[in-house]
Amino acid sequence: MKFDIKRWVVLGASLLLGGCAPYPTFLDPASPIAGHEASLYRIILIMALVVFVLVEGALILILIRDRGRKGDNTPPKQVYGNTRLEVTWTAIPILLVIALFVMTVQTMHAVAAPAPQKSDLNVQVTGHQWWWEFSYPALGITTANELHIPVGGTVQITLASVDVIHSFWVPQLSGKTDVIPGQTNHMWLKGEKIGVYHGQCAEFCGTNHANMRFKVIVESQADFNAWAASQQKDAPQPQTDAEKQGYKMITTGICSNCHTLNGTDAKGTIGPNLTHLFSRTSFAGSTFDLNQSNLRSWLQDTQAMKPGNDMVVKLKPDEIDALIAYLTQLK
Ligand code: CUA
């Protein structure tokens with residue numbers, strides 16, 4: 001087979017870049033903290049590239065210059081004990097390591113510093129296997145997997161876990177902070193650009209660790225206020241017969257053991273609050289897009305979609321229809 005350089009370049013590039021898009025990267029920061037991390041990474045990358053090119057370049061040059069030649073058996077010039085060279089190649093790495101150390105400590109300092117402004121908003125983040133609960137105590141809102149924050153505002157975050165150790169990470173907005181059972185950790189967030197930022201649990205927490213994702217929706221203050229006002233409303237009353245059946249299952253049936261529906265007797269806290277389920281775009285730890293067809297598959301067999309999750313139920317087809325009829329009203 002002919003060696004085709006173009007094919008290898010394409011293969012190499014797709015291997016290197018394929019993992020990136022469309023997933024978030026801290027190299028595209030939208031907050032001061034992610035900005036510090038990105039600049040440190042770039043400086044280290046450039047330093048490492050310069051060292052790599054110089055060292056490998058010198059190696060290749062010497063290999064070519066001193067290669068064996070036909071009919072010439074004289075060895076290349078031997079060099080012993082060159083003090084100047086030895087001092088140089090010891091001093092340069094030491095200086096580089098000192099520079100890296102100083103820059104790293106500066107960045108750690110900047111990242112760990114308290115929020116520059118007074119916080120406008122407090123959010124309690126609770127890690128569950130495998131989804132995220134977000135509550136806004138001052139606003140009386142509890143939601144799941146999608147955190148809304150106003151653009152430019154400083155948000156104080158309190159982190160706790162109900163089961164194992166998780167880690168809260170929004171690459172474009174924050175560093176990682178562990179979410180530890182029996183301990184309360186604190187961090188702050190600030191989104192400087194309107195947009196949706198993907199977050200990911202960054203501490204192995206069981207079989208579905210990789211499917212413990214979330215979104216941070218950074219929106220204008222007006223959009224945030226509108227969202228908050230609608231989240232504060234209680235669940236709507238059911239209208240059709242199917243909706244009534246679904247409502248009954250959620251408020252007094254099996255669903256109420258684990259889920260909350262604001263304004264009703266359903267006050268379970270094991271699973272996500274359902275009151276405004278369809279105001280969200282994803283579910284099950286932001287693993288699936290929230291639409292009727294995914295919700296139906298979920299209710300038919302939650303364990304097939306996300307093995308090991310806490311929702312173990314056997315529902316009849318008419319119960320699934322009833323639940324979907326009511327749940328889709330929860331905007
Ligand atoms: Cu939660 Cu990994």
# chains A, B, ... in the order shown; residues from 1 in each chain; ligands from 1
call {"tool": "residues_near_ligand", "arguments": {"ligand": "ligand 1", "cutoff": "10 Å", "atoms": "only C-alpha atoms and all ligand atoms", "output": "JSON, numbers by chain"}}
result
{"A": [127, 128, 129, 130, 131, 132, 161, 163, 164, 165, 166, 167, 168, 178, 179, 200, 201, 202, 203, 204, 205, 206, 207, 208, 209, 210, 211, 212, 213, 285]}
call {"tool": "residues_around", "arguments": {"residues": "A:Leu40", "least_positions_apart": "5", "cutoff": "10 Å", "atoms": "only C-alpha atoms", "output": "PyMOL selection string"}}
result
chain A and resi 35+45+100+103-104+106-107
call {"tool": "residues_around", "arguments": {"residues": "stretch 293-305 of chain A", "least_positions_apart": "5", "cutoff": "9 Å", "atoms": "only C-alpha atoms", "output": "PyMOL selection string"}}
result
chain A and resi 283+288+310-317+320-321+323-324
call {"tool": "residues_around", "arguments": {"residues": "A:Ser230", "least_positions_apart": "5", "cutoff": "9 Å", "atoms": "only C-alpha atoms", "output": "ChimeraX atom specification"}}
result
/A:225,276,331
call {"tool": "closest_residue", "arguments": {"among": "A:Ile44, A:Gly308, A:Val51, A:Gln172", "to": "A:Asp28", "atoms": "only C-alpha atoms"}}
result
A:Gln172
call {"tool": "atom_distance", "arguments": {"atom1": "atom CA of A:Gly263", "atom2": "atom CA of A:Thr251"}}
result
9.7 Å
call {"tool": "select_by_dssp", "arguments": {"residues": "stretch 125-294 of chain A", "states": "alpha helix (DSSP H)", "output": "ChimeraX atom specification"}}
result
/A:221-231,241-251,292-294
call {"tool": "decode", "arguments": {"residues": "stretch 21-44 of chain A", "atoms": "N, CA, C and O atoms", "output": "PDB file, in the first residue's frame"}}
result
ATOM      1  N   ALA A  21     -15.047  18.432  20.139  1.00  0.00           N
ATOM      2  CA  ALA A  21     -16.373  18.939  19.770  1.00  0.00           C
ATOM      3  C   ALA A  21     -17.401  17.843  19.936  1.00  0.00           C
ATOM      4  O   ALA A  21     -17.096  16.691  19.665  1.00  0.00           O
ATOM      5  N   PRO A  22     -18.633  18.136  20.368  1.00  0.00           N
ATOM      6  CA  PRO A  22     -19.098  19.449  20.812  1.00  0.00           C
ATOM      7  C   PRO A  22     -18.956  19.608  22.317  1.00  0.00           C
ATOM      8  O   PRO A  22     -19.690  20.383  22.910  1.00  0.00           O
ATOM      9  N   TYR A  23     -18.075  18.866  22.924  1.00  0.00           N
ATOM     10  CA  TYR A  23     -17.978  18.900  24.381  1.00  0.00           C
ATOM     11  C   TYR A  23     -17.235  20.130  24.848  1.00  0.00           C
ATOM     12  O   TYR A  23     -16.423  20.696  24.125  1.00  0.00           O
ATOM     13  N   PRO A  24     -17.531  20.558  26.064  1.00  0.00           N
ATOM     14  CA  PRO A  24     -16.984  21.820  26.552  1.00  0.00           C
ATOM     15  C   PRO A  24     -15.495  21.715  26.851  1.00  0.00           C
ATOM     16  O   PRO A  24     -15.005  20.636  27.156  1.00  0.00           O
ATOM     17  N   THR A  25     -14.815  22.816  26.749  1.00  0.00           N
ATOM     18  CA  THR A  25     -13.410  22.833  27.102  1.00  0.00           C
ATOM     19  C   THR A  25     -13.105  24.105  27.866  1.00  0.00           C
ATOM     20  O   THR A  25     -13.653  25.170  27.570  1.00  0.00           O
ATOM     21  N   PHE A  26     -12.230  23.983  28.854  1.00  0.00           N
ATOM     22  CA  PHE A  26     -11.848  25.174  29.626  1.00  0.00           C
ATOM     23  C   PHE A  26     -11.000  26.099  28.772  1.00  0.00           C
ATOM     24  O   PHE A  26     -10.683  27.206  29.178  1.00  0.00           O
ATOM     25  N   LEU A  27     -10.617  25.657  27.561  1.00  0.00           N
ATOM     26  CA  LEU A  27      -9.852  26.546  26.676  1.00  0.00           C
ATOM     27  C   LEU A  27     -10.759  27.572  26.008  1.00  0.00           C
ATOM     28  O   LEU A  27     -10.281  28.427  25.263  1.00  0.00           O
ATOM     29  N   ASP A  28     -12.074  27.437  26.241  1.00  0.00           N
ATOM     30  CA  ASP A  28     -13.021  28.429  25.730  1.00  0.00           C
ATOM     31  C   ASP A  28     -13.752  29.020  26.936  1.00  0.00           C
ATOM     32  O   ASP A  28     -14.941  28.807  27.124  1.00  0.00           O
ATOM     33  N   PRO A  29     -13.031  29.753  27.789  1.00  0.00           N
ATOM     34  CA  PRO A  29     -13.584  30.143  29.087  1.00  0.00           C
ATOM     35  C   PRO A  29     -14.660  31.215  28.974  1.00  0.00           C
ATOM     36  O   PRO A  29     -14.631  32.039  28.067  1.00  0.00           O
ATOM     37  N   ALA A  30     -15.608  31.171  29.920  1.00  0.00           N
ATOM     38  CA  ALA A  30     -16.660  32.187  29.975  1.00  0.00           C
ATOM     39  C   ALA A  30     -16.780  32.702  31.401  1.00  0.00           C
ATOM     40  O   ALA A  30     -17.843  33.135  31.824  1.00  0.00           O
ATOM     41  N   SER A  31     -15.696  32.598  32.180  1.00  0.00           N
ATOM     42  CA  SER A  31     -15.706  33.081  33.558  1.00  0.00           C
ATOM     43  C   SER A  31     -14.271  33.399  33.954  1.00  0.00           C
ATOM     44  O   SER A  31     -13.330  32.908  33.329  1.00  0.00           O
ATOM     45  N   PRO A  32     -14.089  34.236  34.994  1.00  0.00           N
ATOM     46  CA  PRO A  32     -12.726  34.584  35.403  1.00  0.00           C
ATOM     47  C   PRO A  32     -11.900  33.354  35.789  1.00  0.00           C
ATOM     48  O   PRO A  32     -10.721  33.250  35.425  1.00  0.00           O
ATOM     49  N   ILE A  33     -12.529  32.387  36.510  1.00  0.00           N
ATOM     50  CA  ILE A  33     -11.760  31.229  36.992  1.00  0.00           C
ATOM     51  C   ILE A  33     -11.276  30.376  35.828  1.00  0.00           C
ATOM     52  O   ILE A  33     -10.090  30.033  35.726  1.00  0.00           O
ATOM     53  N   ALA A  34     -12.180  30.050  34.918  1.00  0.00           N
ATOM     54  CA  ALA A  34     -11.775  29.253  33.764  1.00  0.00           C
ATOM     55  C   ALA A  34     -10.752  30.023  32.932  1.00  0.00           C
ATOM     56  O   ALA A  34      -9.857  29.426  32.321  1.00  0.00           O
ATOM     57  N   GLY A  35     -10.842  31.367  32.935  1.00  0.00           N
ATOM     58  CA  GLY A  35      -9.873  32.182  32.212  1.00  0.00           C
ATOM     59  C   GLY A  35      -8.465  32.009  32.777  1.00  0.00           C
ATOM     60  O   GLY A  35      -7.501  31.838  32.024  1.00  0.00           O
ATOM     61  N   HIS A  36      -8.332  32.026  34.116  1.00  0.00           N
ATOM     62  CA  HIS A  36      -7.017  31.813  34.744  1.00  0.00           C
ATOM     63  C   HIS A  36      -6.461  30.451  34.345  1.00  0.00           C
ATOM     64  O   HIS A  36      -5.284  30.310  34.006  1.00  0.00           O
ATOM     65  N   GLU A  37      -7.322  29.437  34.408  1.00  0.00           N
ATOM     66  CA  GLU A  37      -6.859  28.072  34.108  1.00  0.00           C
ATOM     67  C   GLU A  37      -6.408  27.971  32.657  1.00  0.00           C
ATOM     68  O   GLU A  37      -5.383  27.356  32.356  1.00  0.00           O
ATOM     69  N   ALA A  38      -7.185  28.592  31.766  1.00  0.00           N
ATOM     70  CA  ALA A  38      -6.845  28.505  30.343  1.00  0.00           C
ATOM     71  C   ALA A  38      -5.518  29.202  30.059  1.00  0.00           C
ATOM     72  O   ALA A  38      -4.698  28.692  29.296  1.00  0.00           O
ATOM     73  N   SER A  39      -5.271  30.384  30.705  1.00  0.00           N
ATOM     74  CA  SER A  39      -3.995  31.048  30.376  1.00  0.00           C
ATOM     75  C   SER A  39      -2.807  30.261  30.903  1.00  0.00           C
ATOM     76  O   SER A  39      -1.788  30.167  30.224  1.00  0.00           O
ATOM     77  N   LEU A  40      -2.942  29.670  32.104  1.00  0.00           N
ATOM     78  CA  LEU A  40      -1.824  28.866  32.618  1.00  0.00           C
ATOM     79  C   LEU A  40      -1.540  27.696  31.680  1.00  0.00           C
ATOM     80  O   LEU A  40      -0.396  27.400  31.329  1.00  0.00           O
ATOM     81  N   TYR A  41      -2.619  27.049  31.235  1.00  0.00           N
ATOM     82  CA  TYR A  41      -2.461  25.895  30.347  1.00  0.00           C
ATOM     83  C   TYR A  41      -1.730  26.310  29.064  1.00  0.00           C
ATOM     84  O   TYR A  41      -0.818  25.625  28.606  1.00  0.00           O
ATOM     85  N   ARG A  42      -2.106  27.468  28.510  1.00  0.00           N
ATOM     86  CA  ARG A  42      -1.497  27.896  27.245  1.00  0.00           C
ATOM     87  C   ARG A  42      -0.016  28.186  27.428  1.00  0.00           C
ATOM     88  O   ARG A  42       0.798  27.802  26.600  1.00  0.00           O
ATOM     89  N   ILE A  43       0.351  28.859  28.550  1.00  0.00           N
ATOM     90  CA  ILE A  43       1.766  29.186  28.789  1.00  0.00           C
ATOM     91  C   ILE A  43       2.572  27.893  28.917  1.00  0.00           C
ATOM     92  O   ILE A  43       3.636  27.735  28.303  1.00  0.00           O
ATOM     93  N   ILE A  44       2.041  26.924  29.706  1.00  0.00           N
ATOM     94  CA  ILE A  44       2.770  25.667  29.894  1.00  0.00           C
ATOM     95  C   ILE A  44       2.895  24.927  28.563  1.00  0.00           C
ATOM     96  O   ILE A  44       3.948  24.371  28.233  1.00  0.00           O
TER      97      ILE A  44
END
